[in-house]
Amino acid sequence: MARIFLANVACNLRFYSRNRLLVLFGLIVLALGCISTVPWLLMSSTVRHFEMLQATSSLLSTFALVLTPSLSLVLIGSHLRGRTIKMVLTKVCPPGLWLASTLVSATLVSLLLHSFGLALTATLSVVWGIPFQSGFVFVFADGFLRSIIVLSYVSFLSVVLHPVIVVLTVLALGESTFYQLRFLALTGLEAGRHPILLSVLEKGLGAVYAVLPMFNPLSDKTQGVYTTFRATGYDWKFLPWIAAYTAGIVLFFWLASVIALRRRSFP
Amino acid sequence: MIVQADNVTVRYGTGLFRKPLIALDGLCLDVREGDFFALLGENGAGKSTAMGCFLGLLKPTHGRVQVLGEPLKLGSSTYRKIGYLPEEPTYHGYLTMEEAVSYYAALYGRRVSKAEIGALLQRMGLEKARGLLIDRCSKGMKQKLGIVQCLLGEPTLLFLDEPMRGLDPLGVKDFRDALIDLNKRGTTIVMNSHMLSEVEIVANRVAILAQGRLVALETTATLLQGQTDVYWVSFRTEGAVPDFVAVESRQEGRVDGTVPLAHLPRFLAYAHSPDVRLLNCDARRRTLEETFTSIVRGRADG
């Protein structure tokens, strides 16, 4: 099984490197980020190096956060819609193993992207004479885990939905949308309007909100690190919890994806 | 039984308020060990759907399919004994031929050396294309790659969906010979094909599907037997030709035509007459194509 798994990972990495759509998408995201950031960086005075460092770190983190789930979306979507998956599943490769290989290969690329971000941030800090902050590593690790959460969620959606609907679902129907809708329903209830309807709606929205993954767990606790790049012992203790949450989410969506893929027909 | 389909029905949804499409309707058939089994039918008759069910790629709406004694679960170890050549070239187009062979072998748990890959590709005449991306290969080259990959696991059971499609005449012959050889060595083969002349040569059992239903399941010999109801005759005469002879051609006193079996004694008596010189009288065996056409058309007509 290890050989089959590694063969799948190698095959997926080849897919990423040779897929023009992905490469183009990556370049566009990077270009858009650069367009909005670089001029600002060039115009800044040397005193504002710290802010420039923040902007660079944020740009690279966002880039990795967007690209990581896109890898999975394009890979799974392409293999399911192109029916290439038939060639895999009619050999000794169970759906779970193939799905795990898609997650691992995207995770490897994500790790590479985040590591590049960390290395660049660290290099710039040395060049600009800013002391190396432990917050750089924290932001790198937290960003990486957030990417993996979105990756596993998008992987599951890619198995059950058309890629375009996956993108719309992730963009428009995230946990924050349902949080705000639930908040509105609660406000309506407080105001005493349509109590039965709003009560049912509030419970339904609450259930959906509870099921959807948090893309940014414990963000209210760790927000400070992103602005100061200083991670204290208090901040670090949240990281294992974020990692545990990520592991749980990955396991949950992997299992859901396996069930969905097993129930699918491949005409 | 190597493959057993028991009352298999497959329905496809065609829309919320439309009647579902019945792709397979109560299919019951079995493939025995060592068979070279051919599934025949018009486009949309349910051949590929049946194969999809055998392979575990499609879930029957009703009924049960067992392959090698068990219901197939996608990716299970049973697939080690199974080779599959799909109808559409659904290979990993972003891999080169060489990478693809290595990858597909790995999916069978096999490690193949570069030399082995080279030999496999050479056998199919693909050695020059080993570094070529599959996406850039011709249909025939992809089909040859498909043949290579489905034999990688050294299967005891082969599922071939339109295997001759896209192959050049030499490729057809080479592949046919390879299949006959594999079958002689004990590999059971289940094949969908529209090339009835090829099926007639290789298959020992034939199932004919029409509109999702099984309309014939026979050995090829049985299907073609009893079809000697017509005799090809050639004779020379300057006189009139009896009306029971269906004349195909008449040139310079030579008559070629057919005589129904029922009129054969009358024809032989006519052939003994002094102004007739019999040149040939052969029982004309129907081809599989003619048998197939008469079964499918006969069913449609009546």
# chains A, B, ... in the order shown; residues from 1 in each chain; ligands from 1

$ residues_around --residues "Ile134 of chain B" --least-positions-apart "3" --cutoff "8 Å" --atoms "only C-alpha atoms" --output "list of chain:residue names"
B:Tyr91, B:His92, B:Gly93, B:Tyr94, B:Leu95, B:Thr96, B:Met97, B:Cys137, B:Lys142

$ interface_residues --of "chain A" --to "chain B" --cutoff "8 Å" --atoms "only C-alpha atoms" --output "PyMOL selection string"
chain A and resi 1+3-4+7-8+11+14-15+18-19+82-84+86-95+262+264-267

$ write_last_selection --atoms "C-alpha atoms" --output "PDB file, in the first residue's frame"
ATOM      1  CA  MET A   1       0.000   0.000   0.000  1.00  0.00           C
ATOM      2  CA  ARG A   3       4.132   2.014  -2.824  1.00  0.00           C
ATOM      3  CA  ILE A   4       0.671   2.699  -4.228  1.00  0.00           C
ATOM      4  CA  ALA A   7       2.995   6.521  -6.614  1.00  0.00           C
ATOM      5  CA  ASN A   8      -0.243   8.508  -6.272  1.00  0.00           C
ATOM      6  CA  CYS A  11       1.532  11.435  -9.875  1.00  0.00           C
ATOM      7  CA  ARG A  14       3.329  15.921 -11.597  1.00  0.00           C
ATOM      8  CA  PHE A  15      -0.263  17.009 -12.208  1.00  0.00           C
ATOM      9  CA  ARG A  18       2.112  20.370 -15.504  1.00  0.00           C
ATOM     10  CA  ASN A  19      -1.357  21.839 -15.101  1.00  0.00           C
ATOM     11  CA  GLY A  82     -12.242  13.426 -16.867  1.00  0.00           C
ATOM     12  CA  ARG A  83     -13.001   9.906 -15.591  1.00  0.00           C
ATOM     13  CA  THR A  84      -9.303   9.302 -15.045  1.00  0.00           C
ATOM     14  CA  LYS A  86     -11.649   4.888 -13.281  1.00  0.00           C
ATOM     15  CA  MET A  87      -8.080   3.918 -14.134  1.00  0.00           C
ATOM     16  CA  VAL A  88      -7.116   4.251 -10.476  1.00  0.00           C
ATOM     17  CA  LEU A  89     -10.066   2.629  -8.715  1.00  0.00           C
ATOM     18  CA  THR A  90     -10.104  -0.418 -11.012  1.00  0.00           C
ATOM     19  CA  LYS A  91      -6.644  -1.267  -9.739  1.00  0.00           C
ATOM     20  CA  VAL A  92      -5.539  -2.049  -6.212  1.00  0.00           C
ATOM     21  CA  CYS A  93      -6.097   1.485  -4.934  1.00  0.00           C
ATOM     22  CA  PRO A  94      -9.053   2.049  -2.581  1.00  0.00           C
ATOM     23  CA  PRO A  95     -10.808   5.446  -2.777  1.00  0.00           C
ATOM     24  CA  ARG A 262     -17.740   4.997  -2.637  1.00  0.00           C
ATOM     25  CA  ARG A 264     -20.613   7.558  -6.567  1.00  0.00           C
ATOM     26  CA  SER A 265     -21.085   5.858  -9.906  1.00  0.00           C
ATOM     27  CA  PHE A 266     -18.506   6.213 -12.655  1.00  0.00           C
ATOM     28  CA  PRO A 267     -20.325   5.792 -15.985  1.00  0.00           C
TER      29      PRO A 267
END

$ atom_distance --atom1 "atom CA of Arg11 of chain B" --atom2 "atom CA of Glu162 of chain B"
22.6 Å

$ residues_around --residues "Gln223 of chain A" --least-positions-apart "2" --cutoff "12 Å" --atoms "only C-alpha atoms" --output "JSON list (two decimals) with N, CA and C atoms, in the first residue's frame"
[["chain", "number", "residue", "atom", "x", "y", "z"],
["A", 135, "GLY", "N", 7.28, 35.15, 16.44],
["A", 135, "GLY", "CA", 5.97, 35.30, 15.80],
["A", 135, "GLY", "C", 5.98, 34.92, 14.33],
["A", 138, "PHE", "N", 5.24, 31.38, 14.31],
["A", 138, "PHE", "CA", 3.85, 31.16, 14.72],
["A", 138, "PHE", "C", 2.89, 31.45, 13.56],
["A", 139, "VAL", "N", 3.13, 32.58, 12.91],
["A", 139, "VAL", "CA", 2.27, 32.97, 11.78],
["A", 139, "VAL", "C", 2.36, 31.93, 10.66],
["A", 142, "ASP", "N", 0.47, 28.73, 11.95],
["A", 142, "ASP", "CA", -0.97, 28.97, 12.00],
["A", 142, "ASP", "C", -1.56, 29.07, 10.57],
["A", 143, "GLY", "N", -0.85, 29.78, 9.72],
["A", 143, "GLY", "CA", -1.29, 29.92, 8.32],
["A", 143, "GLY", "C", -1.33, 28.57, 7.62],
["A", 216, "ASN", "N", -10.56, 29.77, 10.55],
["A", 216, "ASN", "CA", -9.58, 30.53, 11.33],
["A", 216, "ASN", "C", -9.82, 30.29, 12.82],
["A", 217, "PRO", "N", -9.59, 29.06, 13.29],
["A", 217, "PRO", "CA", -9.93, 28.75, 14.68],
["A", 217, "PRO", "C", -9.08, 29.55, 15.68],
["A", 218, "LEU", "N", -9.72, 29.92, 16.75],
["A", 218, "LEU", "CA", -9.08, 30.68, 17.84],
["A", 218, "LEU", "C", -8.42, 31.98, 17.36],
["A", 219, "SER", "N", -8.98, 32.55, 16.31],
["A", 219, "SER", "CA", -8.36, 33.77, 15.75],
["A", 219, "SER", "C", -8.44, 34.93, 16.73],
["A", 220, "ASP", "N", -9.51, 34.94, 17.53],
["A", 220, "ASP", "CA", -9.63, 36.04, 18.50],
["A", 220, "ASP", "C", -8.51, 35.98, 19.55],
["A", 221, "LYS", "N", -7.98, 34.77, 19.79],
["A", 221, "LYS", "CA", -6.91, 34.62, 20.80],
["A", 221, "LYS", "C", -5.53, 34.93, 20.21],
["A", 225, "VAL", "N", -0.62, 38.25, 17.48],
["A", 225, "VAL", "CA", 0.66, 37.81, 16.92],
["A", 225, "VAL", "C", 0.83, 38.34, 15.50],
["A", 226, "TYR", "N", -0.27, 38.42, 14.75],
["A", 226, "TYR", "CA", -0.20, 38.87, 13.35],
["A", 226, "TYR", "C", 0.16, 40.35, 13.25],
["A", 227, "THR", "N", -0.17, 41.13, 14.31],
["A", 227, "THR", "CA", 0.14, 42.56, 14.24],
["A", 227, "THR", "C", 1.50, 42.88, 14.84],
["A", 228, "THR", "N", 1.92, 42.09, 15.82],
["A", 228, "THR", "CA", 3.19, 42.41, 16.51],
["A", 228, "THR", "C", 4.34, 41.49, 16.12],
["A", 229, "PHE", "N", 4.00, 40.32, 15.53],
["A", 229, "PHE", "CA", 4.99, 39.26, 15.26],
["A", 229, "PHE", "C", 5.68, 38.79, 16.53],
["A", 230, "ARG", "N", 5.02, 39.01, 17.66],
["A", 230, "ARG", "CA", 5.60, 38.53, 18.92],
["A", 230, "ARG", "C", 4.66, 37.47, 19.48],
["A", 231, "ALA", "N", 5.20, 36.25, 19.65],
["A", 231, "ALA", "CA", 4.38, 35.15, 20.19],
["A", 231, "ALA", "C", 4.90, 34.82, 21.59],
["A", 235, "ASP", "N", 0.42, 32.67, 23.69],
["A", 235, "ASP", "CA", -0.02, 32.44, 22.29],
["A", 235, "ASP", "C", 0.30, 31.01, 21.85],
["A", 238, "PHE", "N", -2.00, 27.94, 22.26],
["A", 238, "PHE", "CA", -3.19, 27.73, 21.42],
["A", 238, "PHE", "C", -2.87, 26.89, 20.18]]

$ residues_around --residues "Val199 of chain B" --least-positions-apart "5" --cutoff "10 Å" --atoms "only C-alpha atoms" --output "list in words"
Phe36, Phe37, Ala38, Leu39, Leu40, Arg176, Met191, Asn192, Ser193, His194, Asn204, Arg205, Val206, Thr220, Leu288 and Glu289 of chain B

$ write_last_selection --atoms "N, CA and C atoms" --output "CSV table (one decimal), in the first residue's frame"
chain,number,residue,atom,x,y,z
B,36,PHE,N,-14.0,-16.7,-23.6
B,36,PHE,CA,-13.7,-15.5,-24.3
B,36,PHE,C,-15.1,-15.0,-24.7
B,37,PHE,N,-15.6,-14.1,-23.8
B,37,PHE,CA,-17.0,-13.8,-23.8
B,37,PHE,C,-17.2,-12.4,-24.5
B,38,ALA,N,-18.1,-12.3,-25.4
B,38,ALA,CA,-18.4,-11.1,-26.1
B,38,ALA,C,-19.8,-10.5,-25.8
B,39,LEU,N,-19.8,-9.3,-25.5
B,39,LEU,CA,-21.1,-8.6,-25.3
B,39,LEU,C,-21.4,-7.7,-26.5
B,40,LEU,N,-22.4,-8.1,-27.2
B,40,LEU,CA,-22.8,-7.3,-28.4
B,40,LEU,C,-24.0,-6.6,-28.3
B,176,ARG,N,-5.3,-9.1,-31.4
B,176,ARG,CA,-6.2,-10.3,-31.5
B,176,ARG,C,-5.3,-11.6,-31.1
B,191,MET,N,-15.5,-9.0,-23.4
B,191,MET,CA,-15.2,-7.9,-24.4
B,191,MET,C,-16.5,-7.4,-25.0
B,192,ASN,N,-16.5,-6.0,-25.1
B,192,ASN,CA,-17.6,-5.3,-25.8
B,192,ASN,C,-17.0,-5.0,-27.1
B,193,SER,N,-17.7,-5.2,-28.2
B,193,SER,CA,-17.1,-4.8,-29.5
B,193,SER,C,-18.2,-4.6,-30.5
B,194,HIS,N,-17.9,-3.7,-31.4
B,194,HIS,CA,-18.8,-3.5,-32.6
B,194,HIS,C,-18.2,-4.2,-33.8
B,204,ASN,N,-15.8,-17.3,-27.8
B,204,ASN,CA,-16.4,-18.7,-27.7
B,204,ASN,C,-17.9,-18.6,-27.2
B,205,ARG,N,-18.2,-17.4,-26.5
B,205,ARG,CA,-19.6,-17.2,-26.1
B,205,ARG,C,-20.0,-15.8,-26.4
B,206,VAL,N,-21.2,-15.6,-26.7
B,206,VAL,CA,-21.7,-14.3,-27.1
B,206,VAL,C,-23.0,-14.0,-26.4
B,220,THR,N,-20.7,-19.2,-29.5
B,220,THR,CA,-20.6,-18.6,-30.9
B,220,THR,C,-21.0,-19.7,-31.9
B,288,LEU,N,-21.5,-13.8,-38.1
B,288,LEU,CA,-22.0,-13.3,-36.9
B,288,LEU,C,-22.8,-12.0,-37.1
B,289,GLU,N,-22.2,-11.3,-38.0
B,289,GLU,CA,-22.9,-10.0,-38.3
B,289,GLU,C,-24.3,-10.2,-38.8

$ closest_residue --among "B:Asp168, B:Val3, B:Ser294, B:Gly140" --to "Thr188 of chain B" --atoms "only C-alpha atoms"
B:Val3

$ select_by_dssp --residues "segment 78-278 of chain B" --states "helix (DSSP H, G or I)" --output "PyMOL selection string"
chain B and resi 78-81+97-107+114-123+127-129+134-136+139-150+169-184+196-202+220-224+261-271

$ residues_around --residues "Asp256 of chain B" --least-positions-apart "4" --cutoff "12 Å" --atoms "only C-alpha atoms" --output "list in words"
Tyr231, Trp232, Val233, Ser234, Phe235, Arg236, Thr237, Val241, Val245, Ala246, Val247, Glu248, Ser249, Arg250, Gln251, Glu252, Leu278, Leu279, Asn280, Cys281 and Asp282 of chain B

$ atom_distance --atom1 "atom CA of Leu121 of chain B" --atom2 "atom CA of Lys184 of chain B"
23.1 Å

$ decode --residues "segment 75-174 of chain A" --atoms "C-alpha atoms" --output "compact mmCIF listing (two decimals), in the first residue's frame"
# COMPACT_ATOMS: atom_id res chain seq x y z
CA LEU A 75 -6.97 17.76 -9.09
CA ILE A 76 -10.11 16.04 -7.80
CA GLY A 77 -12.41 17.90 -10.20
CA SER A 78 -10.23 17.03 -13.17
CA HIS A 79 -9.91 13.34 -12.25
CA LEU A 80 -13.60 12.89 -11.52
CA ARG A 81 -14.89 14.81 -14.51
CA GLY A 82 -12.24 13.43 -16.87
CA ARG A 83 -13.00 9.91 -15.59
CA THR A 84 -9.30 9.30 -15.04
CA ILE A 85 -10.30 8.06 -11.62
CA LYS A 86 -11.65 4.89 -13.28
CA MET A 87 -8.08 3.92 -14.13
CA VAL A 88 -7.12 4.25 -10.48
CA LEU A 89 -10.07 2.63 -8.72
CA THR A 90 -10.10 -0.42 -11.01
CA LYS A 91 -6.64 -1.27 -9.74
CA VAL A 92 -5.54 -2.05 -6.21
CA CYS A 93 -6.10 1.49 -4.93
CA PRO A 94 -9.05 2.05 -2.58
CA PRO A 95 -10.81 5.45 -2.78
CA GLY A 96 -9.57 6.36 0.71
CA LEU A 97 -5.96 5.87 -0.28
CA TRP A 98 -6.31 8.00 -3.40
CA LEU A 99 -8.08 10.75 -1.46
CA ALA A 100 -5.39 10.65 1.23
CA SER A 101 -2.75 11.00 -1.48
CA THR A 102 -4.50 14.10 -2.88
CA LEU A 103 -4.54 15.65 0.61
CA VAL A 104 -0.90 14.78 1.29
CA SER A 105 0.35 16.07 -2.07
CA ALA A 106 -1.51 19.38 -1.65
CA THR A 107 -0.23 19.58 1.94
CA LEU A 108 3.34 19.14 0.73
CA VAL A 109 2.96 21.99 -1.75
CA SER A 110 1.33 24.11 0.94
CA LEU A 111 4.22 23.39 3.30
CA LEU A 112 6.63 24.44 0.60
CA LEU A 113 4.76 27.69 -0.04
CA HIS A 114 4.52 28.56 3.66
CA SER A 115 8.18 27.66 4.20
CA PHE A 116 9.09 30.00 1.36
CA GLY A 117 7.03 32.71 3.05
CA LEU A 118 8.79 32.10 6.36
CA ALA A 119 12.22 32.07 4.73
CA LEU A 120 11.52 35.33 2.86
CA THR A 121 10.15 37.05 5.96
CA ALA A 122 13.16 35.90 8.00
CA THR A 123 15.59 37.02 5.28
CA LEU A 124 13.96 40.45 4.97
CA SER A 125 14.05 40.87 8.74
CA VAL A 126 17.77 40.15 8.74
CA VAL A 127 18.38 42.49 5.77
CA TRP A 128 16.39 45.29 7.37
CA GLY A 129 17.97 44.72 10.77
CA ILE A 130 14.78 43.69 12.52
CA PRO A 131 15.41 41.09 15.24
CA PHE A 132 14.05 37.66 14.33
CA GLN A 133 10.70 37.25 16.05
CA SER A 134 9.24 33.93 17.17
CA GLY A 135 5.97 35.30 15.80
CA PHE A 136 7.26 34.64 12.27
CA VAL A 137 7.23 30.92 12.99
CA PHE A 138 3.85 31.16 14.72
CA VAL A 139 2.27 32.97 11.78
CA PHE A 140 3.80 30.39 9.42
CA ALA A 141 2.46 27.43 11.46
CA ASP A 142 -0.97 28.97 12.00
CA GLY A 143 -1.29 29.92 8.32
CA PHE A 144 -0.26 26.42 7.29
CA LEU A 145 -2.89 24.81 9.54
CA ARG A 146 -5.58 27.18 8.24
CA SER A 147 -4.67 26.17 4.68
CA ILE A 148 -5.08 22.50 5.58
CA ILE A 149 -8.54 23.11 7.08
CA VAL A 150 -9.74 24.83 3.89
CA LEU A 151 -8.01 22.15 1.81
CA SER A 152 -9.84 19.25 3.48
CA TYR A 153 -13.20 21.06 3.26
CA VAL A 154 -12.71 21.90 -0.43
CA SER A 155 -11.56 18.32 -1.12
CA PHE A 156 -14.81 16.98 0.27
CA LEU A 157 -16.90 19.50 -1.67
CA SER A 158 -14.97 18.65 -4.86
CA VAL A 159 -16.02 15.01 -4.54
CA VAL A 160 -19.72 15.86 -4.31
CA LEU A 161 -20.13 19.11 -6.26
CA HIS A 162 -19.16 20.74 -9.54
CA PRO A 163 -15.95 22.80 -9.16
CA VAL A 164 -17.75 26.11 -9.85
CA ILE A 165 -20.33 25.37 -7.16
CA VAL A 166 -17.49 24.45 -4.79
CA VAL A 167 -15.90 27.88 -5.26
CA LEU A 168 -19.25 29.64 -4.79
CA THR A 169 -20.00 27.55 -1.68
CA VAL A 170 -16.65 28.31 -0.08
CA LEU A 171 -16.80 32.01 -0.92
CA ALA A 172 -20.45 32.70 -0.16
CA LEU A 173 -21.56 30.04 2.29
CA GLY A 174 -18.76 30.07 4.85
